[in-house]
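Data block for coords20.pdb (PDB, C-alpha atoms and all ligand atoms):
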```
ATOM      1  CA  MET A   1     174.649 169.481  10.187
ATOM      2  CA  SER A   2     173.556 172.591  11.986
ATOM      3  CA  VAL A   3     169.929 173.658  11.947
ATOM      4  CA  MET A   4     168.682 176.669  13.798
ATOM      5  CA  SER A   5     165.780 178.993  13.579
ATOM      6  CA  GLU A   6     166.521 182.628  14.157
ATOM      7  CA  ASP A   7     164.747 182.514  17.512
ATOM      8  CA  GLN A   8     166.717 179.531  18.676
ATOM      9  CA  GLU A   9     169.821 181.281  17.541
ATOM     10  CA  ARG A  10     169.033 184.289  19.718
ATOM     11  CA  LEU A  11     168.561 182.057  22.725
ATOM     12  CA  SER A  12     171.406 179.663  22.318
ATOM     13  CA  GLY A  13     174.045 182.003  20.989
ATOM     14  CA  THR A  14     176.175 179.229  19.561
ATOM     15  CA  LEU A  15     178.349 178.923  16.468
ATOM     16  CA  ALA A  16     180.104 182.201  15.921
ATOM     17  CA  TYR A  17     177.183 184.284  17.098
ATOM     18  CA  GLU A  18     178.100 187.643  18.496
ATOM     19  CA  GLN A  19     175.964 190.162  20.348
ATOM     20  CA  GLU A  20     175.018 193.228  18.355
ATOM     21  CA  GLU A  21     173.432 196.547  19.076
ATOM     22  CA  PRO A  22     170.141 197.071  17.250
ATOM     23  CA  ARG A  23     171.008 199.027  14.158
ATOM     24  CA  PRO A  24     169.623 202.546  13.793
ATOM     25  CA  ARG A  25     167.461 202.971  10.711
ATOM     26  CA  ALA A  26     169.197 205.138   8.176
ATOM     27  CA  VAL A  27     167.296 208.138   6.893
ATOM     28  CA  ALA A  28     170.299 209.797   5.291
ATOM     29  CA  ASN A  29     170.044 210.220   1.515
ATOM     30  CA  VAL A  30     166.252 210.153   1.621
ATOM     31  CA  ASP A  31     164.425 213.308   0.557
ATOM     32  CA  LEU A  32     161.640 213.278   3.157
ATOM     33  CA  PRO A  33     159.999 216.589   2.075
ATOM     34  CA  ARG A  34     159.774 215.280  -1.479
ATOM     35  CA  ILE A  35     157.956 212.138  -0.320
ATOM     36  CA  GLU A  36     155.642 214.303   1.784
ATOM     37  CA  ARG A  37     154.722 216.408  -1.242
ATOM     38  CA  ALA A  38     154.093 213.278  -3.291
ATOM     39  CA  VAL A  39     151.849 211.723  -0.622
ATOM     40  CA  ARG A  40     149.843 214.942  -0.422
ATOM     41  CA  GLU A  41     149.430 214.746  -4.192
ATOM     42  CA  ILE A  42     148.209 211.142  -4.022
ATOM     43  CA  LEU A  43     145.682 212.013  -1.328
ATOM     44  CA  ALA A  44     144.377 214.914  -3.390
ATOM     45  CA  ALA A  45     144.366 212.805  -6.553
ATOM     46  CA  VAL A  46     142.162 210.087  -5.043
ATOM     47  CA  GLY A  47     139.685 212.731  -3.926
ATOM     48  CA  GLU A  48     140.719 213.189  -0.299
ATOM     49  CA  ASN A  49     141.362 216.424   1.518
ATOM     50  CA  PRO A  50     145.010 216.287   2.624
ATOM     51  CA  ASP A  51     144.347 219.136   5.049
ATOM     52  CA  ARG A  52     141.658 217.473   7.118
ATOM     53  CA  GLU A  53     142.713 216.783  10.664
ATOM     54  CA  GLY A  54     143.231 213.026  10.447
ATOM     55  CA  LEU A  55     145.497 213.315   7.422
ATOM     56  CA  ARG A  56     147.542 216.328   8.472
ATOM     57  CA  ASP A  57     150.547 214.331   9.686
ATOM     58  CA  THR A  58     150.138 211.462   7.252
ATOM     59  CA  PRO A  59     152.594 212.663   4.577
ATOM     60  CA  ALA A  60     155.378 213.071   7.146
ATOM     61  CA  ARG A  61     154.545 209.699   8.669
ATOM     62  CA  VAL A  62     154.577 207.969   5.299
ATOM     63  CA  ALA A  63     157.875 209.674   4.424
ATOM     64  CA  ARG A  64     159.540 208.296   7.549
ATOM     65  CA  MET A  65     158.039 204.887   6.867
ATOM     66  CA  TYR A  66     159.412 204.802   3.315
ATOM     67  CA  ALA A  67     162.827 205.856   4.578
ATOM     68  CA  GLU A  68     162.722 202.818   6.842
ATOM     69  CA  LEU A  69     161.256 200.360   4.324
ATOM     70  CA  PHE A  70     163.800 201.377   1.675
ATOM     71  CA  SER A  71     166.828 201.802   3.924
ATOM     72  CA  GLY A  72     168.490 198.879   2.157
ATOM     73  CA  LEU A  73     169.049 201.134  -0.863
ATOM     74  CA  HIS A  74     171.718 202.931   1.099
ATOM     75  CA  GLU A  75     173.663 199.968   2.342
ATOM     76  CA  ASP A  76     175.716 197.275   0.714
ATOM     77  CA  PRO A  77     174.634 193.856   2.010
ATOM     78  CA  ARG A  78     178.129 192.545   1.225
ATOM     79  CA  GLU A  79     179.444 194.432   4.234
ATOM     80  CA  HIS A  80     177.763 191.898   6.533
ATOM     81  CA  LEU A  81     179.775 189.069   5.036
ATOM     82  CA  GLN A  82     183.235 190.606   5.365
ATOM     83  CA  LYS A  83     183.819 189.343   8.883
ATOM     84  CA  PHE A  84     183.986 185.603   8.536
ATOM     85  CA  PHE A  85     185.583 182.917  10.642
ATOM     86  CA  THR A  86     187.927 180.335   9.298
ATOM     87  CA  GLU A  87     186.495 176.982  10.324
ATOM     88  CA  LYS A  88     187.103 173.429   9.245
ATOM     89  CA  TYR A  89     183.358 172.828   9.546
ATOM     90  CA  ASP A  90     182.193 171.474   6.213
ATOM     91  CA  GLU A  91     178.658 170.318   6.876
ATOM     92  CA  VAL A  92     175.554 172.273   5.977
ATOM     93  CA  VAL A  93     174.823 175.385   7.989
ATOM     94  CA  LEU A  94     171.101 176.089   7.841
ATOM     95  CA  VAL A  95     169.229 179.000   9.353
ATOM     96  CA  THR A  96     165.471 178.780   8.956
ATOM     97  CA  ASP A  97     162.624 181.198   9.510
ATOM     98  CA  ILE A  98     164.464 184.471   9.109
ATOM     99  CA  SER A  99     161.508 186.814   8.983
ATOM    100  CA  PHE A 100     161.572 189.801   6.671
ATOM    101  CA  GLU A 101     159.402 192.563   5.282
ATOM    102  CA  SER A 102     159.874 193.910   1.798
ATOM    103  CA  VAL A 103     157.989 196.037  -0.708
ATOM    104  CA  CYS A 104     156.839 194.732  -4.078
ATOM    105  CA  GLU A 105     158.238 197.038  -6.723
ATOM    106  CA  HIS A 106     155.249 196.556  -9.018
ATOM    107  CA  HIS A 107     152.653 197.887  -6.596
ATOM    108  CA  LEU A 108     154.649 199.386  -3.702
ATOM    109  CA  MET A 109     152.725 197.062  -1.432
ATOM    110  CA  PRO A 110     154.406 195.054   1.326
ATOM    111  CA  PHE A 111     155.261 191.422   0.982
ATOM    112  CA  MET A 112     156.541 189.554   3.983
ATOM    113  CA  GLY A 113     157.551 186.116   5.027
ATOM    114  CA  LYS A 114     160.456 183.910   5.917
ATOM    115  CA  ALA A 115     163.795 183.128   4.389
ATOM    116  CA  HIS A 116     165.645 179.850   4.884
ATOM    117  CA  ILE A 117     169.335 179.917   4.081
ATOM    118  CA  GLY A 118     171.636 176.936   3.872
ATOM    119  CA  TYR A 119     175.240 176.817   2.796
ATOM    120  CA  LEU A 120     178.100 174.388   2.608
ATOM    121  CA  PRO A 121     181.115 176.319   3.911
ATOM    122  CA  ASN A 122     184.422 176.282   2.148
ATOM    123  CA  GLY A 123     186.495 177.393   5.135
ATOM    124  CA  ARG A 124     184.503 180.580   5.621
ATOM    125  CA  VAL A 125     181.738 180.711   8.196
ATOM    126  CA  VAL A 126     179.823 183.851   9.164
ATOM    127  CA  GLY A 127     177.987 184.673  12.356
ATOM    128  CA  LEU A 128     174.400 183.510  11.967
ATOM    129  CA  SER A 129     173.054 186.970  12.696
ATOM    130  CA  LYS A 130     174.900 188.213   9.607
ATOM    131  CA  LEU A 131     172.666 186.096   7.398
ATOM    132  CA  ALA A 132     169.660 187.862   8.884
ATOM    133  CA  ARG A 133     171.355 191.210   8.195
ATOM    134  CA  VAL A 134     171.899 190.242   4.573
ATOM    135  CA  VAL A 135     168.235 189.277   4.204
ATOM    136  CA  GLU A 136     167.169 192.567   5.728
ATOM    137  CA  GLY A 137     169.502 194.655   3.579
ATOM    138  CA  VAL A 138     168.263 192.980   0.408
ATOM    139  CA  ALA A 139     164.601 193.092   1.498
ATOM    140  CA  ARG A 140     164.486 196.775   2.381
ATOM    141  CA  ARG A 141     164.245 198.177  -1.091
ATOM    142  CA  PRO A 142     161.737 197.947  -3.926
ATOM    143  CA  GLN A 143     161.900 194.234  -4.696
ATOM    144  CA  VAL A 144     160.545 191.218  -6.460
ATOM    145  CA  GLN A 145     160.768 187.976  -4.527
ATOM    146  CA  GLU A 146     162.558 186.078  -7.297
ATOM    147  CA  ARG A 147     165.371 188.630  -7.522
ATOM    148  CA  MET A 148     165.638 188.851  -3.756
ATOM    149  CA  THR A 149     166.146 185.067  -3.593
ATOM    150  CA  GLU A 150     168.831 185.085  -6.306
ATOM    151  CA  THR A 151     170.605 188.119  -4.857
ATOM    152  CA  ILE A 152     170.991 186.550  -1.427
ATOM    153  CA  ALA A 153     172.263 183.281  -2.911
ATOM    154  CA  ASP A 154     174.749 185.070  -5.179
ATOM    155  CA  LEU A 155     176.086 187.139  -2.283
ATOM    156  CA  LEU A 156     176.873 184.002  -0.297
ATOM    157  CA  VAL A 157     178.523 182.361  -3.287
ATOM    158  CA  THR A 158     180.761 185.328  -4.064
ATOM    159  CA  GLU A 159     181.571 186.568  -0.555
ATOM    160  CA  LEU A 160     181.889 183.238   1.283
ATOM    161  CA  ARG A 161     182.934 181.147  -1.709
ATOM    162  CA  ALA A 162     180.596 178.517  -0.299
ATOM    163  CA  LYS A 163     180.595 175.081  -1.950
ATOM    164  CA  GLY A 164     176.849 175.237  -2.105
ATOM    165  CA  VAL A 165     174.151 177.750  -1.285
ATOM    166  CA  ALA A 166     170.409 177.246  -0.977
ATOM    167  CA  VAL A 167     167.950 180.049  -0.384
ATOM    168  CA  VAL A 168     164.234 179.385  -0.030
ATOM    169  CA  ILE A 169     161.833 182.252   0.528
ATOM    170  CA  GLU A 170     158.150 181.981   1.388
ATOM    171  CA  ALA A 171     156.129 185.165   1.323
ATOM    172  CA  VAL A 172     152.640 186.572   1.355
ATOM    173  CA  HIS A 173     152.158 189.416  -1.094
ATOM    174  CA  THR A 174     149.624 191.983  -0.010
ATOM    175  CA  CYS A 175     149.248 193.049  -3.641
ATOM    176  CA  MET A 176     147.689 189.594  -4.144
ATOM    177  CA  THR A 177     145.725 189.364  -0.918
ATOM    178  CA  VAL A 178     144.055 192.770  -0.608
ATOM    179  CA  ARG A 179     143.639 193.760  -4.262
ATOM    180  CA  GLY A 180     143.637 192.240  -7.747
ATOM    181  CA  VAL A 181     142.943 188.523  -7.544
ATOM    182  CA  ARG A 182     142.426 188.727  -3.741
ATOM    183  CA  LYS A 183     143.696 185.359  -2.694
ATOM    184  CA  PRO A 184     144.280 185.606   1.040
ATOM    185  CA  GLY A 185     146.466 182.858   2.439
ATOM    186  CA  SER A 186     148.321 182.158  -0.785
ATOM    187  CA  VAL A 187     152.051 181.839  -0.243
ATOM    188  CA  CYS A 188     154.655 182.381  -2.929
ATOM    189  CA  VAL A 189     157.721 180.134  -2.635
ATOM    190  CA  THR A 190     160.949 180.808  -4.513
ATOM    191  CA  SER A 191     164.280 179.067  -4.299
ATOM    192  CA  ALA A 192     167.806 179.558  -5.571
ATOM    193  CA  MET A 193     170.188 176.602  -5.536
ATOM    194  CA  LYS A 194     173.896 177.053  -6.215
ATOM    195  CA  GLY A 195     176.884 174.747  -6.331
ATOM    196  CA  ALA A 196     176.380 171.412  -4.587
ATOM    197  CA  PHE A 197     172.717 172.126  -3.917
ATOM    198  CA  ARG A 198     172.172 172.563  -7.629
ATOM    199  CA  SER A 199     174.308 169.732  -8.950
ATOM    200  CA  ASN A 200     173.537 167.094  -6.331
ATOM    201  CA  PRO A 201     169.849 166.132  -6.027
ATOM    202  CA  SER A 202     170.341 164.163  -2.796
ATOM    203  CA  THR A 203     172.109 167.100  -1.108
ATOM    204  CA  ARG A 204     169.246 169.301  -2.192
ATOM    205  CA  ALA A 205     166.627 166.805  -1.038
ATOM    206  CA  GLU A 206     168.340 166.533   2.341
ATOM    207  CA  LEU A 207     168.227 170.288   2.723
ATOM    208  CA  MET A 208     164.558 170.535   1.778
ATOM    209  CA  THR A 209     163.770 167.825   4.326
ATOM    210  CA  LEU A 210     165.625 169.832   6.958
ATOM    211  CA  ILE A 211     163.623 172.932   6.099
ATOM    212  CA  TYR A 212     160.208 171.347   5.662
ATOM    213  CA  GLY A 213     160.542 167.893   7.191
ATOM    214  CA  ASN A 214     158.928 168.611  10.497
ATOM    215  CA  ARG A 215     156.047 170.744   9.306
ATOM    216  CA  ARG A 216     154.724 169.318   6.062
TER     217      ARG A 216
HETATM  218 ZN    ZN A 301     152.876 193.351  -6.431
END
```
For the file at hand, write its structure as structure tokens.
Amino acid sequence: MSVMSEDQERLSGTLAYEQEEPRPRAVANVDLPRIERAVREILAAVGENPDREGLRDTPARVARMYAELFSGLHEDPREHLQKFFTEKYDEVVLVTDISFESVCEHHLMPFMGKAHIGYLPNGRVVGLSKLARVVEGVARRPQVQERMTETIADLLVTELRAKGVAVVIEAVHTCMTVRGVRKPGSVCVTSAMKGAFRSNPSTRAELMTLIYGNRR
């Protein structure tokens, strides 16, 4: 059994972890001037003056921000799972507290939280940082939390042929906390269980204890 939070992983550097350069944020394939025009339109439409001093650079700023928040649209998260290690290790690998930021596709408002990923390897083990890359690639696009959870689990099943995959995501949705029903502090939890984690209740229970055992 191997349990590690992302922070611990950074410090300890064990189990197939390799150093990586911080990745530059892609802005290719994003039409920044088009976003700028649209933001100007929104400002005018809500009754603001897009030309007043404080707002003058806002459209360009928002355009760059969207390019960053949606950079996952221009990458294939599968690419992070192509470099795997062949290991005889066949216990659960669990990485908890992988933080992420995404954007709810219904409101274009951020939702953010933590992903916990566990898998039972079938000879293929990936560097732990790759799991964080997968989460980021899937998160950085217009999303719904349920689909994000399923997508990550399916990627691990197909690319690693893992015997079991469990993905649990906890997130706070700003579209729920600052507007609409306004329920600050509410956390949405989704999970996707595949293979052994789906078919074997005790394996699943063991995993949930590993994730939540020491904090609930
Ligand atoms: Zn929403």
Starting from the PyMOL selection byres (((not hetatm)) within 8 of (chain A and resi 301)), expand the selection into actual residues of this file and give them as a tab-separated table (two decimals) with C-alpha atoms, in the coordinates of the input.
```tsv
chain	number	residue	atom	x	y	z
A	104	CYS	CA	156.84	194.73	-4.08
A	105	GLU	CA	158.24	197.04	-6.72
A	106	HIS	CA	155.25	196.56	-9.02
A	107	HIS	CA	152.65	197.89	-6.60
A	108	LEU	CA	154.65	199.39	-3.70
A	109	MET	CA	152.72	197.06	-1.43
A	144	VAL	CA	160.54	191.22	-6.46
A	173	HIS	CA	152.16	189.42	-1.09
A	174	THR	CA	149.62	191.98	-0.01
A	175	CYS	CA	149.25	193.05	-3.64
A	176	MET	CA	147.69	189.59	-4.14
```
Residues selected by the PyMOL selection byres (((chain A and resi 84-92) around 12) and not hetatm), written as number ranges by chain: A: 1-4, 15-18, 78-83, 93-95, 117-131, 156, 159-166, 196-197, 203-204, 206-208, 210-211
Residues returned when the PyMOL selection byres (((chain A and resi 116) around 6) and not hetatm) runs on this file, as JSON, numbers by chain: {"A": [95, 96, 97, 115, 117, 167, 168]}
Gap from CA of Ala67 (chain A) to CA of Leu55 (chain A) - Å, one decimal: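 Distance between the two atoms: 19.1 Å.
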Region 56-60 of chain A surroundings by all atoms listed in the file, 6 Å radius, close-in-sequence under 4 positions cut, as a VMD selection string: chain A and resid 36 39 51
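With distances restricted to only C-alpha atoms, A:Phe111 is the closest residue to Val187 (chain A) from A:Ile152, A:Ala44, A:Ser199, A:Phe111.
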Interatomic distance, CA of Lys183 (chain A) to CA of Glu101 (chain A) (Å, one decimal): 19.0 Å
Of the listed residues A:Pro33, A:Pro77, A:Gly185, A:Pro142, that which approaches Arg64 (chain A) most closely, counting only C-alpha atoms: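 Under the stated criterion, the closest residue is A:Pro33.
Here CA of Pro110 (chain A) stands at a distance of 15.3 Å from CA of Ala63 (chain A).
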Closest of A:Val178, A:Cys188, A:Val30, A:Val134 to Glu68 (chain A) - atom-to-atom distances counting all atoms listed in the file: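 Going through A:Val178, A:Cys188, A:Val30, A:Val134 one by one, the smallest distance to Glu68 (chain A) is for A:Val30.
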Selection near Ala28 (chain A), 12 Å with all atoms listed in the file, sequence-local residues under 2 positions removed, as a PyMOL selection string: chain A and resi 24-26+30-32+64+67-68+70-75
Nearest residue to Thr158 (chain A) from the set A:Asn29, A:Gly47, A:Gly195, A:Phe100 (distances using only C-alpha atoms):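 Ranking A:Asn29, A:Gly47, A:Gly195, A:Phe100 by distance to Thr158 (chain A), first place goes to A:Gly195.
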Neighbour list for Lys114 (chain A) as an MDAnalysis selection string, cut-off 7 Å, all atoms listed in the file, skip fewer than 6 positions in-chain: chainID A and resid 97:100 169:171
Glu150 (chain A) environment, 9 Å, all atoms listed in the file, sequence neighbours closer than 6 positions dropped, as a list in words: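 These residues fall inside the cut-off: Val167, Ser191, Ala192 and Met193 of chain A.
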Any chance you could model N, CA, C and O atoms for region 76-98 of chain A and send them as an mmCIF file, in the frame of the given file?
```cif
data_model
loop_
_atom_site.group_PDB
_atom_site.id
_atom_site.type_symbol
_atom_site.label_atom_id
_atom_site.label_comp_id
_atom_site.auth_asym_id
_atom_site.auth_seq_id
_atom_site.Cartn_x
_atom_site.Cartn_y
_atom_site.Cartn_z
ATOM 1 N N ASP A 76 175.228 198.361 1.552
ATOM 2 C CA ASP A 76 175.716 197.275 0.714
ATOM 3 C C ASP A 76 175.662 195.997 1.541
ATOM 4 O O ASP A 76 176.413 195.863 2.511
ATOM 5 N N PRO A 77 174.773 195.058 1.176
ATOM 6 C CA PRO A 77 174.634 193.856 2.010
ATOM 7 C C PRO A 77 175.926 193.036 2.099
ATOM 8 O O PRO A 77 176.091 192.231 3.011
ATOM 9 N N ARG A 78 176.851 193.278 1.162
ATOM 10 C CA ARG A 78 178.129 192.545 1.225
ATOM 11 C C ARG A 78 178.898 192.836 2.503
ATOM 12 O O ARG A 78 179.678 192.014 2.967
ATOM 13 N N GLU A 79 178.662 194.040 3.052
ATOM 14 C CA GLU A 79 179.444 194.432 4.234
ATOM 15 C C GLU A 79 179.222 193.466 5.408
ATOM 16 O O GLU A 79 180.094 193.289 6.242
ATOM 17 N N HIS A 80 178.048 192.808 5.420
ATOM 18 C CA HIS A 80 177.763 191.898 6.533
ATOM 19 C C HIS A 80 178.510 190.574 6.402
ATOM 20 O O HIS A 80 178.493 189.756 7.314
ATOM 21 N N LEU A 81 179.105 190.356 5.262
ATOM 22 C CA LEU A 81 179.775 189.069 5.036
ATOM 23 C C LEU A 81 181.302 189.216 5.029
ATOM 24 O O LEU A 81 182.016 188.280 4.670
ATOM 25 N N GLN A 82 181.783 190.386 5.410
ATOM 26 C CA GLN A 82 183.235 190.606 5.365
ATOM 27 C C GLN A 82 183.946 190.004 6.573
ATOM 28 O O GLN A 82 185.113 189.659 6.512
ATOM 29 N N LYS A 83 183.204 189.916 7.695
ATOM 30 C CA LYS A 83 183.819 189.343 8.883
ATOM 31 C C LYS A 83 183.441 187.872 8.960
ATOM 32 O O LYS A 83 182.335 187.526 9.387
ATOM 33 N N PHE A 84 184.300 187.030 8.465
ATOM 34 C CA PHE A 84 183.986 185.603 8.536
ATOM 35 C C PHE A 84 185.023 184.910 9.406
ATOM 36 O O PHE A 84 186.063 185.469 9.738
ATOM 37 N N PHE A 85 184.692 183.692 9.812
ATOM 38 C CA PHE A 85 185.583 182.917 10.642
ATOM 39 C C PHE A 85 186.118 181.773 9.798
ATOM 40 O O PHE A 85 185.401 181.236 8.970
ATOM 41 N N THR A 86 187.355 181.463 10.013
ATOM 42 C CA THR A 86 187.927 180.335 9.298
ATOM 43 C C THR A 86 187.689 179.088 10.139
ATOM 44 O O THR A 86 188.169 178.978 11.256
ATOM 45 N N GLU A 87 186.868 178.200 9.588
ATOM 46 C CA GLU A 87 186.495 176.982 10.324
ATOM 47 C C GLU A 87 186.653 175.780 9.418
ATOM 48 O O GLU A 87 186.404 175.867 8.221
ATOM 49 N N LYS A 88 187.007 174.658 10.032
ATOM 50 C CA LYS A 88 187.103 173.429 9.245
ATOM 51 C C LYS A 88 185.729 172.787 9.027
ATOM 52 O O LYS A 88 185.597 171.806 8.313
ATOM 53 N N TYR A 89 184.714 173.361 9.641
ATOM 54 C CA TYR A 89 183.358 172.828 9.546
ATOM 55 C C TYR A 89 182.899 172.765 8.094
ATOM 56 O O TYR A 89 182.856 173.770 7.404
ATOM 57 N N ASP A 90 182.584 171.547 7.624
ATOM 58 C CA ASP A 90 182.193 171.474 6.213
ATOM 59 C C ASP A 90 180.866 170.757 5.995
ATOM 60 O O ASP A 90 180.613 170.173 4.961
ATOM 61 N N GLU A 91 180.027 170.818 7.031
ATOM 62 C CA GLU A 91 178.658 170.318 6.876
ATOM 63 C C GLU A 91 177.743 171.508 6.596
ATOM 64 O O GLU A 91 178.167 172.660 6.701
ATOM 65 N N VAL A 92 176.495 171.195 6.298
ATOM 66 C CA VAL A 92 175.554 172.273 5.977
ATOM 67 C C VAL A 92 175.286 173.157 7.197
ATOM 68 O O VAL A 92 175.089 172.658 8.300
ATOM 69 N N VAL A 93 175.320 174.439 6.991
ATOM 70 C CA VAL A 93 174.823 175.385 7.989
ATOM 71 C C VAL A 93 173.474 175.872 7.476
ATOM 72 O O VAL A 93 173.376 176.354 6.348
ATOM 73 N N LEU A 94 172.444 175.699 8.288
ATOM 74 C CA LEU A 94 171.101 176.089 7.841
ATOM 75 C C LEU A 94 170.450 176.978 8.886
ATOM 76 O O LEU A 94 170.402 176.632 10.055
ATOM 77 N N VAL A 95 169.999 178.124 8.468
ATOM 78 C CA VAL A 95 169.229 179.000 9.353
ATOM 79 C C VAL A 95 167.845 179.140 8.752
ATOM 80 O O VAL A 95 167.704 179.575 7.606
ATOM 81 N N THR A 96 166.827 178.722 9.499
ATOM 82 C CA THR A 96 165.471 178.780 8.956
ATOM 83 C C THR A 96 164.676 179.906 9.600
ATOM 84 O O THR A 96 165.048 180.421 10.650
ATOM 85 N N ASP A 97 163.596 180.261 8.944
ATOM 86 C CA ASP A 97 162.624 181.198 9.510
ATOM 87 C C ASP A 97 163.195 182.570 9.854
ATOM 88 O O ASP A 97 162.932 183.116 10.904
ATOM 89 N N ILE A 98 164.002 183.089 8.947
ATOM 90 C CA ILE A 98 164.464 184.471 9.109
ATOM 91 C C ILE A 98 163.343 185.362 8.571
ATOM 92 O O ILE A 98 163.090 185.396 7.363
#
```
